There are 4 protein chains.
Amino acid sequence: MSFILPHISRTEAAQKFKIVRQHSEKLCQSLEIEDYIIQTTAEASPVKWNLAHVTWFYETFILNVHTKNYQDFHPQFRYLFNSYYEQVGKYFPRPQRGLLSRPTVKEVYRYRAYVDEQMLHLFETATEEQWKDIAFRLMIGLNHEQQHQELLLTDLKYNLAFNPLRPAYREDLAISNRYSMPDLKWFEFEGGLDFIGFEGNGFAYDNESPRHQIFIQPFKLSSRLVTNGEYLEFIENGGYQRPELWLSDGWSTLKQTGWNAPLYWEKLEGTWWQMTLGGMRKVALNEPVCHISYYEADAFATWKEKRLPTEIEWEIAAWDLKMEGNFRENDFLHPIAAEEKEGLLQMFGDVWEWTQTPYTPYPNYRPQTGALGEYNGKFMCNQMVLRGGSCVTPIDHIRVTYRNFFYPNERWQFKGFRLAEGV
Amino acid sequence: MSFILPHISRTEAAQKFKIVRQHSEKLCQSLEIEDYIIQTTAEASPVKWNLAHVTWFYETFILNVHTKNYQDFHPQFRYLFNSYYEQVGKYFPRPQRGLLSRPTVKEVYRYRAYVDEQMLHLFETATEEQWKDIAFRLMIGLNHEQQHQELLLTDLKYNLAFNPLRPAYREDLAISNRYSMPDLKWFEFEGGLDFIGFEGNGFAYDNESPRHQIFIQPFKLSSRLVTNGEYLEFIENGGYQRPELWLSDGWSTLKQTGWNAPLYWEKLEGTWWQMTLGGMRKVALNEPVCHISYYEADAFATWKEKRLPTEIEWEIAAWDLKMEGNFRENDFLHPIAAEEKEGLLQMFGDVWEWTQTPYTPYPNYRPQTGALGEYNGKFMCNQMVLRGGSCVTPIDHIRVTYRNFFYPNERWQFKGFRLAEGV
Amino acid sequence: MSFILPHISRTEAAQKFKIVRQHSEKLCQSLEIEDYIIQTTAEASPVKWNLAHVTWFYETFILNVHTKNYQDFHPQFRYLFNSYYEQVGKYFPRPQRGLLSRPTVKEVYRYRAYVDEQMLHLFETATEEQWKDIAFRLMIGLNHEQQHQELLLTDLKYNLAFNPLRPAYREDLAISNRYSMPDLKWFEFEGGLDFIGFEGNGFAYDNESPRHQIFIQPFKLSSRLVTNGEYLEFIENGGYQRPELWLSDGWSTLKQTGWNAPLYWEKLEGTWWQMTLGGMRKVALNEPVCHISYYEADAFATWKEKRLPTEIEWEIAAWDLKMEGNFRENDFLHPIAAEEKEGLLQMFGDVWEWTQTPYTPYPNYRPQTGALGEYNGKFMCNQMVLRGGSCVTPIDHIRVTYRNFFYPNERWQFKGFRLAEGV
Amino acid sequence: MSFILPHISRTEAAQKFKIVRQHSEKLCQSLEIEDYIIQTTAEASPVKWNLAHVTWFYETFILNVHTKNYQDFHPQFRYLFNSYYEQVGKYFPRPQRGLLSRPTVKEVYRYRAYVDEQMLHLFETATEEQWKDIAFRLMIGLNHEQQHQELLLTDLKYNLAFNPLRPAYREDLAISNRYSMPDLKWFEFEGGLDFIGFEGNGFAYDNESPRHQIFIQPFKLSSRLVTNGEYLEFIENGGYQRPELWLSDGWSTLKQTGWNAPLYWEKLEGTWWQMTLGGMRKVALNEPVCHISYYEADAFATWKEKRLPTEIEWEIAAWDLKMEGNFRENDFLHPIAAEEKEGLLQMFGDVWEWTQTPYTPYPNYRPQTGALGEYNGKFMCNQMVLRGGSCVTPIDHIRVTYRNFFYPNERWQFKGFRLAEGV
């Protein structure tokens with residue numbers, strides 16, 4: 001089971017390549033040089049590293065393979081900007097990425113320009129036989145860069161929020177003017193035999209296939225995401241002080257960390273505020289709760305005597321829905337209240353939805369051979385599946401079969417949840 | 001979904017209670033006082049603690065509920081011997097259980113005798129209505145004590161093995177005289193719709209139910225457990241030096257711990273030895289490999305281009321098999337080579353078998369209400385399911401639907417694995 | 001500069017040896033087997049280890065040197081019971097001494113008996129030339145064992161106090177009946193040229209010599225130790241909340257540890273209690289404050305606008321005093337109030353007195369060559385000198401020139417202080 | 001005993017202030033913005049922080065005291081740029097100084113300009129009475145800034161050296177052309193009564209006084225610093241593998257850290273290189289060994305059967321020497337070989353010399369009252385005295401009585417040593 005890839009012409013490829021590459025840089029327009037450098041926790045890589053790493057990816061997996069006598073931009077960048085590909089060579093330790101002042105930001109931009117030029121040249125000069133493999137690797141590379149565009153924003157949010165000055169990433173972000181939200185409804189699904197997983201044309205990651213048959217019990221899914229207002233009730237009901245609501249690992253995480261609210265929430269003079277990419281804002285009750293761990297989502301569900309959906313349930317329910325929602329293109333870069341309308345809402349965009357499904361291989365899955373096989377497969381342990389994309393995901397990156405995965409204690413992505421229950 | 005329990009008469013209950021209680025003490029006959037006290041890692045509780053904790057369980061969940069004006073044996077034992085039941089009150093920190101010289105071992109035996117007497121008295125004097133609840137709680141308590149009998153041995157093995165003198169738990173253990181092993185065969189299963197989970201009479205834990213319908217793909221299962229000899233090939237083939245074979249979390253665990261062989265293996269002057277409950281012995285090539293982590297099992301399977309079975313596959317395959325194998329009753333207290341005969345061998349006993357299934361709730365599972373609900377449910381995250389029991393499990397404790405669970409890095413239980421693959 | 005040693009006859013030596021050896025065992029008469037095993041912090045070694053280590057000392061430094069074809073009692077005891085002598089070979093890690101159930105306590109007593117017998121035999125059979133060296137090493141060994149008798153009690157106190165049951169070491173300890181204390185007076189010393197350090201006959205450690213000339217400014221010394229009552233004022237005056245009173249390293253230790261009173265103090269329902277070797281007792285206001293760190297002593301002195309004495313001042317002041325005080329022989333095993341009489345009180349016994357002098361070599365000091373040189377010299381960095389012995393020191397072990405030394409954060413010895421100031 | 005201060009006119013003060021302030025900025029001329037931000041270990045603060053902190057010092061201790069209605073440049077800079085003054089308020093944690101991208105470097109320069117302007121204005125407008133106190137505080141502030149100029153370079157060296165690219169701070173540094181070195185000679189001093197400590201006009205820190213009488217034994221001092229060549233012999237003689245040469249705390253530090261050479265040394269293809277502020281250079285055998293800990297200096301001395309000098313010996317020996325040496329003004333920013341001439345060489349400049357004296361108060365020392373008293377006094381524990389200044393110390397900052405102090409394990413300053421012995 002490997003990555004699934006569409007046919008793509010050289011012209012289309014070059015076009016798409018330029019768009020994605022430019023977008024990474026566009027995301028950085030509001031930054032100071034200093035903002036590119038810092039890393040305040042192992043997970044939140046510096047902007048500079050994100051920009052260089054995605055470039056390294058093309059250099060390593062395409063240029064070094066297909067350009068004859070390719071000259072690396074810098075001999076040590078292989079080491080500095082490899083993330084975790086063991087089969088490619090040693091890599092600089094992740095928690096120390098923010099400890100390097102050199103290469104400078106300017107040099108990283110030069111690195112990008114160099115690789116862009118080499119890539120576009122290769123698009124033109126590659127043989128037909130090469131092109132097939134290049135197109136395949138390129139599609140992975142572009143999707144990879146899009147993932148890092150999302151990470152660039154989530155990491156940056158974390159790194160800025162750490163600063164007592166709470167500087168905004170951008171002062172000019174769009175702000176939602178929805179002041180209410182629809183009532184919660186329940187949609188019932190009958191279960192039985194069905195299929196999940198990717199099949200067909202278009203790009204998909206290897207972990208989304210093979211499409212395979214499954215059997216599930218009937219279930220109900222709530223019509224929208226859990227809101228800040230609902231979550232606040234949980235807090236005020238002593239949710240963070242009641243061990244009986246929590247998974248054992250969740251409770252010990254809570255005791256170690258002192259969690260008492262979602263990440264980025266701060267109570268200032270009696271009012272809850274939260275850090276956003278637009279700076280500090282009051283917590284809006286009708287917006288989806290965001291930046292919570294799996295443990296918190298699960299404890300909330302237990303408190304409500306519900307549960308989280310499985311990834312199978314989520315995919316079955318979402319299968320026929322139109323791909324629309326609050327994505328990066330909206331330029332909120334923040335989850336917004338559900339629209340007052342019928343139907344299963346907010347399935348795509350706003351926040352990645354925690355499911356109760358651990359991230360494991362689909363039946364008969366096998367990772368891609370070689371170093372690219374390390375992309376997804378080696379993480380299939382100890383992580384949970386999230387679905388649907390978020391307000392910082394580009395819309396052309398997501399699919400109904402898309403499986404994101406994070407450790408249950410991680411909160412720095414835009415993560416929320418909806419409730420489910422049996423019938 | 002709660003624990004599933006048989007009808008049991010007062011006489012039967014008293015009988016069973018005495019047998020289980022005596023067995024815990026019988027397991028300690030060969031020990032010195034000093035051996036009861038030590039704890040060399042957070043996971044491996046002292047013998048003394050295991051003996052007291054199982055007693056606390058009856059005191060807390062039965063005597064304090066059903067005996068009028070019950071006098072606790074000691075006011076602080078509630079705190080000292082509670083393991084992790086948050087709803088019952090505070091508990092002494094697990095990693096510090098080996099730091100207490102008092103109560104003495106003698107006092108703990110007095111504690112046991114006191115609770116035994118109170119329990120047997122209660123069996124006689126309880127009302128009919130009380131009896132139903134007592135029988136329910138008793139069955140959990142006895143199964144709980146049996147689990148701790150297994151832990152008592154695995155913890156003790158760890159604690160003795162830590163000592164450079166490598167003292168044996170017992171010098172008089174039975175030793176297997178099987179000097180060969182059957183060839184590996186593959187059994188094919190056709191998949192499709194089926195059911196798993198417990199239903200019917202007899203005791204079962206809540207996590208084994210509800211019995212529910214599932215659908216699986218066809219699969220093949222190997223006829224016996226992976227042996228030390230096969231595992232040694234993996235080691236000699238550089239298994240512990242090849243990151244491409246490992247899950248990402250497994251590889252970082254390996255790098256942190258320096259693992260290069262199963263737990264308890266030591267190379268002395270060119271020969272592999274292993275610590276057993278009978279002291280140091282040479283590694284026998286035809287015995288099942290034991291005391292390995294999920295990560296090691298998974299890496300071995302990847303190396304063989306196979307995979308581990310899911311817990312569904314395991315249960316489907318084991319469903320019709322006779323419950324027999326190398327259990328505690330054999331008095332080997334060590335896994336032995338498979339018998340040279342036809343069929344799916346070693347499914348029960350010898351070693352708990354790692355499955356590739358994370359430990360999560362069955363559809364429509366709900367934990368027992370109250371503190372007893374903490375028994376299983378709150379651990380349904382970050383752990384993997386193991387099946388089949390081991391050479392230190394009592395045979396009347398195990399079932400085909402029994403779900404054991406441990407973190408993927410833990411090695412101190414008797415754990416091994418068999419291979420599976422798709423069709 | 002090496003250890004300074006008296007002439008001693010074989011008969012005297014045998015006599016002294018028996019007395020010291022028996023005393024170690026006598027100290028253990030009230031213990032349960034379990035009490036010998038535990039170690040609740042790296043510093044507080046198990047009783048079993050203390051008993052075996054002092055025995056190892058004779059075996060290593062005398063029997064292995066002077067007994068022809070000496071057979072070690074057990075081949076691995078060299079490794080298990082070496083404390084820190086790098087030149088003798090590897091040693092078992094200190095923090096793990098409490099993790100060994102074997103050898104059993106009984107075996108350790110057999111080890112002691114074996115070495116005793118070998119030693120007494122050697123006393124009789126050694127040549128005259130050997131005897132000189134044996135006598136030299138024996139005196140170190142006996143003083144070493146006396147130090148470990150003190151440690152045995154201080155370590156045991158720590159290990160028992162850790163237990164929520166707060167078990168007493170002995171219920172039958174003597175208890176002081178002094179209900180008042182003398183007023184604090186100040187003794188003035190004129191300073192100038194003088195000498196400190198050991199010279200003459202009798203045993204002394206190498207770190208007490210050479211006796212050498214010094215020059216000091218005039219100073220004043222308080223007549224008695226600081227009491228619990230005085231220390232309580234410091235606590236109630238916010239002493240533990242005022243960083244300006246503390247050394248920088250002291251304040252960060254306080255913040256890390258949460259110290260808010262001396263070690264072993266507990267406030268129960270509004271009253272201060274403290275753990276003693278006789279169990280829990282109310283804090284007596286007229287007794288010397290005990291079990292405090294250098295940082296706390298220094299902060300108290302700063303609060304009082306005084307300072308701690310230097311070790312030179314202490315030795316000058318104590319030089320002519322009679323060696324008497326509350327030592328182990330009194331069987332209080334706890335500091336007691338000063339007697340109501342004239343003079344510089346409590347200079348010996350009760351508590352080791354912190355001085356403001358870091359532990360460094362005297363001018364022209366050189367450590368003994370060979371492994372015995374590791375006894376004192378290699379610790380001459382990062383520790384502070386304490387003087388005068390304590391209520392658990394045997395009186396025939398102490399001298400006016402005796403230099404004890406501990407890290408400034410350590411509290412588990414019987415340590416207190418008196419105040420000094422310039423003139 | 002407080003800081004000792006000269007009379008200084010307003011004009012002189014303004015002049016001196018401008019020079020010192022400009023020099024801090026001059027030191028940064030070769031830097032990229034990125035280089036200002038990073039902090040690769042708790043000790044090595046970012047350049048940005050150093051620039052802001054010295055500015056905060058004037059703001060806090062002068063402008064906020066003497067300028068009526070003084071407006072802080074930014075309300076949170078008090079918190080962000082306080083280093084450790086507990087009496088001034090809370091401070092941002094030291095290990096996290098490199099995690100802040102804001103304020104930007106540009107803003108910090110604006111902060112500096114603002115404070116400079118305010119200061120110069122205050123110099124002109126202060127009353128005569130104010131001026132006395134301002135001059136006092138100013139002198140501390142300027143010396144403080146000079147200390148941070150040294151730290152700026154040592155911290156930057158550490159932070160750049162961490163980078164696998166080993167970027168130079170400046171490519172244009174002066175390089176010494178001394179290719180030999182004088183033979184080692186010994187100077188003998190007769191000891192006896194003498195005085196040490198500061199007295200007289202001119203600025204001195206409080207810890208250098210009171211000048212007081214001392215008595216010392218005769219001693220010998222080596223004529224020059226220990227060189228790389230001599231140190232290499234120690235390494236090649238197994239110095240880092242022989243525990244008998246080391247202090248106990250030194251040996252355990254070595255085992256934890258894996259030290260096997262001075263900081264910044266790297267063996268590349270058989271040759272020793274070292275990182276310098278001018279980038280990677282071969283280790284020159286005739287240069288003083290640098291960037292070593294007290295433990296290494298002490299182990300070397302033990303190996304040579306010598307010892308380190310005390311700070312008293314050093315000061316007595318240096319008393320009459322001319323203040324000249326390899327200081328920052330030479331623009332080597334690296335220690336150089338001793339000149340081939342007679343006399344006690346290299347006493348000033350090149351490297352701070354470890355003495356065997358722990359940093360404690362001089363007799364009758366009392367720290368300054370108020371927050372400025374935290375400057376030196378609270379560090380008088382666990383640190384060792386170093387003397388003489390280094391190649392990154394400004395010459396007008398140093399004095400023969402100057403006491404620098406660091407923990408014995410710290411290596412990132414320019415530290416070396418010379419040998420001493422008794423007579």
# chains A, B, ... in the order shown; residues from 1 in each chain; ligands from 1
$ closest_atom_pairs --of "chain A" --to "chain B" --cutoff "7 Å" --atoms "only C-alpha atoms" --output "Markdown table"
| residue | atom | partner | partner_atom | distance |
| --- | --- | --- | --- | --- |
| A:Glu86 | CA | B:Pro243 | CA | 6.4 |
| A:Gln87 | CA | B:Glu244 | CA | 6.7 |
| A:Ile214 | CA | B:Phe215 | CA | 5.7 |
| A:Phe215 | CA | B:Phe215 | CA | 5.4 |
| A:Pro243 | CA | B:Glu86 | CA | 6.4 |
| A:Glu244 | CA | B:Gln87 | CA | 6.7 |
| A:Trp246 | CA | B:Lys378 | CA | 7.0 |
| A:Leu247 | CA | B:Lys378 | CA | 4.4 |
| A:Ser248 | CA | B:Lys378 | CA | 5.2 |
| A:Pro358 | CA | B:Pro358 | CA | 6.7 |
| A:Asn364 | CA | B:Gly422 | CA | 6.0 |
| A:Lys378 | CA | B:Leu247 | CA | 4.4 |
| A:Phe379 | CA | B:Ser248 | CA | 5.7 |
| A:Asn382 | CA | B:Asn382 | CA | 5.3 |
| A:Gly422 | CA | B:Asn364 | CA | 6.1 |
$ residues_around --residues "Ala284 in chain D" --least-positions-apart "5" --cutoff "10 Å" --atoms "only C-alpha atoms" --output "number ranges by chain"
D: 179-180, 227-229, 272-274, 289, 336-337
$ select_by_dssp --residues "range 71-254 of chain A" --states "alpha helix (DSSP H)" --output "PDB file with C-alpha atoms, in the first residue's frame"
ATOM      1  CA  PHE A  77      21.964  21.026   5.546  1.00  0.00           C
ATOM      2  CA  ARG A  78      21.306  17.310   5.103  1.00  0.00           C
ATOM      3  CA  TYR A  79      22.072  16.923   8.768  1.00  0.00           C
ATOM      4  CA  LEU A  80      20.489  20.143   9.995  1.00  0.00           C
ATOM      5  CA  PHE A  81      17.162  19.859   8.187  1.00  0.00           C
ATOM      6  CA  VAL A 105      16.927  33.603   7.716  1.00  0.00           C
ATOM      7  CA  LYS A 106      18.283  35.269   4.604  1.00  0.00           C
ATOM      8  CA  GLU A 107      20.390  32.226   3.809  1.00  0.00           C
ATOM      9  CA  VAL A 108      17.378  29.975   4.224  1.00  0.00           C
ATOM     10  CA  TYR A 109      15.496  32.055   1.682  1.00  0.00           C
ATOM     11  CA  ARG A 110      18.466  31.712  -0.639  1.00  0.00           C
ATOM     12  CA  TYR A 111      18.347  27.976  -0.051  1.00  0.00           C
ATOM     13  CA  ARG A 112      14.699  27.962  -1.016  1.00  0.00           C
ATOM     14  CA  ALA A 113      15.362  29.965  -4.178  1.00  0.00           C
ATOM     15  CA  TYR A 114      18.188  27.659  -5.176  1.00  0.00           C
ATOM     16  CA  VAL A 115      16.097  24.535  -4.764  1.00  0.00           C
ATOM     17  CA  ASP A 116      13.133  26.120  -6.552  1.00  0.00           C
ATOM     18  CA  GLU A 117      15.277  26.911  -9.513  1.00  0.00           C
ATOM     19  CA  GLN A 118      16.760  23.436  -9.594  1.00  0.00           C
ATOM     20  CA  MET A 119      13.341  21.879  -9.319  1.00  0.00           C
ATOM     21  CA  LEU A 120      11.819  23.890 -12.144  1.00  0.00           C
ATOM     22  CA  HIS A 121      14.799  23.083 -14.264  1.00  0.00           C
ATOM     23  CA  LEU A 122      14.389  19.406 -13.532  1.00  0.00           C
ATOM     24  CA  PHE A 123      10.712  19.529 -14.467  1.00  0.00           C
ATOM     25  CA  GLU A 124      11.761  20.605 -17.898  1.00  0.00           C
ATOM     26  CA  THR A 125      14.719  18.325 -18.419  1.00  0.00           C
ATOM     27  CA  GLU A 128       9.618  10.611 -19.365  1.00  0.00           C
ATOM     28  CA  GLU A 129      10.599   7.714 -17.205  1.00  0.00           C
ATOM     29  CA  GLN A 130      12.038  10.017 -14.583  1.00  0.00           C
ATOM     30  CA  TRP A 131       8.951  12.164 -14.708  1.00  0.00           C
ATOM     31  CA  LYS A 132       6.713   9.439 -13.368  1.00  0.00           C
ATOM     32  CA  ASP A 133       8.826   9.065 -10.291  1.00  0.00           C
ATOM     33  CA  ILE A 134       9.371  12.806  -9.925  1.00  0.00           C
ATOM     34  CA  ALA A 135       5.631  13.499 -10.120  1.00  0.00           C
ATOM     35  CA  PHE A 136       5.044  10.867  -7.479  1.00  0.00           C
ATOM     36  CA  ARG A 137       7.638  12.318  -5.128  1.00  0.00           C
ATOM     37  CA  LEU A 138       6.615  15.868  -5.893  1.00  0.00           C
ATOM     38  CA  MET A 139       3.043  15.259  -4.837  1.00  0.00           C
ATOM     39  CA  ILE A 140       4.266  13.934  -1.534  1.00  0.00           C
ATOM     40  CA  GLY A 141       6.597  16.889  -1.213  1.00  0.00           C
ATOM     41  CA  LEU A 142       3.875  19.427  -1.857  1.00  0.00           C
ATOM     42  CA  ASN A 143       1.480  17.813   0.577  1.00  0.00           C
ATOM     43  CA  HIS A 144       4.344  17.642   3.011  1.00  0.00           C
ATOM     44  CA  GLU A 145       4.948  21.356   2.606  1.00  0.00           C
ATOM     45  CA  GLN A 146       1.276  22.065   3.162  1.00  0.00           C
ATOM     46  CA  GLN A 147       1.393  20.096   6.381  1.00  0.00           C
ATOM     47  CA  HIS A 148       4.349  22.194   7.442  1.00  0.00           C
ATOM     48  CA  GLN A 149       2.458  25.363   6.547  1.00  0.00           C
ATOM     49  CA  GLU A 150      -0.082  24.296   9.134  1.00  0.00           C
ATOM     50  CA  LEU A 151       2.693  23.431  11.569  1.00  0.00           C
ATOM     51  CA  LEU A 152       4.399  26.731  10.890  1.00  0.00           C
ATOM     52  CA  LEU A 153       1.282  28.491  12.181  1.00  0.00           C
ATOM     53  CA  THR A 154       0.622  26.203  15.123  1.00  0.00           C
ATOM     54  CA  ASP A 155       4.262  26.226  16.180  1.00  0.00           C
ATOM     55  CA  LEU A 156       4.458  29.978  15.823  1.00  0.00           C
ATOM     56  CA  LYS A 157       1.308  30.424  17.877  1.00  0.00           C
ATOM     57  CA  TYR A 158       2.875  28.364  20.636  1.00  0.00           C
ATOM     58  CA  ASN A 159       6.156  30.203  20.451  1.00  0.00           C
ATOM     59  CA  LEU A 160       4.558  33.650  20.532  1.00  0.00           C
ATOM     60  CA  ALA A 161       2.103  32.714  23.279  1.00  0.00           C
ATOM     61  CA  ASN A 228     -16.279  26.991  24.696  1.00  0.00           C
ATOM     62  CA  GLY A 229     -19.496  27.685  26.569  1.00  0.00           C
ATOM     63  CA  GLU A 230     -20.206  24.001  27.039  1.00  0.00           C
ATOM     64  CA  TYR A 231     -16.631  23.354  28.002  1.00  0.00           C
ATOM     65  CA  LEU A 232     -16.726  26.157  30.540  1.00  0.00           C
ATOM     66  CA  GLU A 233     -19.614  24.399  32.260  1.00  0.00           C
ATOM     67  CA  PHE A 234     -17.384  21.350  32.551  1.00  0.00           C
ATOM     68  CA  ILE A 235     -14.664  23.483  34.133  1.00  0.00           C
ATOM     69  CA  GLU A 236     -17.089  25.159  36.489  1.00  0.00           C
ATOM     70  CA  SER A 248      -5.743   7.165  34.285  1.00  0.00           C
ATOM     71  CA  ASP A 249      -3.009   8.563  32.028  1.00  0.00           C
ATOM     72  CA  GLY A 250      -5.039  11.736  31.606  1.00  0.00           C
ATOM     73  CA  TRP A 251      -5.342  12.266  35.325  1.00  0.00           C
ATOM     74  CA  SER A 252      -1.647  11.805  35.928  1.00  0.00           C
ATOM     75  CA  THR A 253      -0.888  14.186  33.062  1.00  0.00           C
ATOM     76  CA  LEU A 254      -3.223  16.705  34.656  1.00  0.00           C
TER      77      LEU A 254
END
$ select_by_dssp --residues "range 321-379 of chain C" --states "strand (DSSP E or B)" --output "PyMOL selection string"
chain C and resi 326+349+352-358
$ atom_distance --atom1 "CA of His74 in chain A" --atom2 "CA of Gln15 in chain A"
26.5 Å
$ residues_around --residues "Leu263 in chain D" --least-positions-apart "4" --cutoff "9 Å" --atoms "only C-alpha atoms" --output "list in words"
Trp259, Gln274, Met275, Cys290, His291, Ile292, Ser293, Arg411 and Trp412 of chain D
$ residues_around --residues "Tyr169 in chain B" --least-positions-apart "3" --cutoff "7 Å" --atoms "only C-alpha atoms" --output "PDB file with N, CA and C atoms, in the first residue's frame"
ATOM      1  N   SER B  30       9.120 -19.944  49.957  1.00  0.00           N
ATOM      2  CA  SER B  30      10.579 -20.027  49.801  1.00  0.00           C
ATOM      3  C   SER B  30      11.288 -18.707  50.088  1.00  0.00           C
ATOM      4  N   LEU B 277      12.984 -17.654  37.315  1.00  0.00           N
ATOM      5  CA  LEU B 277      12.601 -17.772  38.728  1.00  0.00           C
ATOM      6  C   LEU B 277      13.393 -18.884  39.410  1.00  0.00           C
ATOM      7  N   GLY B 278      14.013 -19.734  38.629  1.00  0.00           N
ATOM      8  CA  GLY B 278      14.892 -20.776  39.166  1.00  0.00           C
ATOM      9  C   GLY B 278      16.363 -20.385  39.128  1.00  0.00           C
TER      10      GLY B 278
END
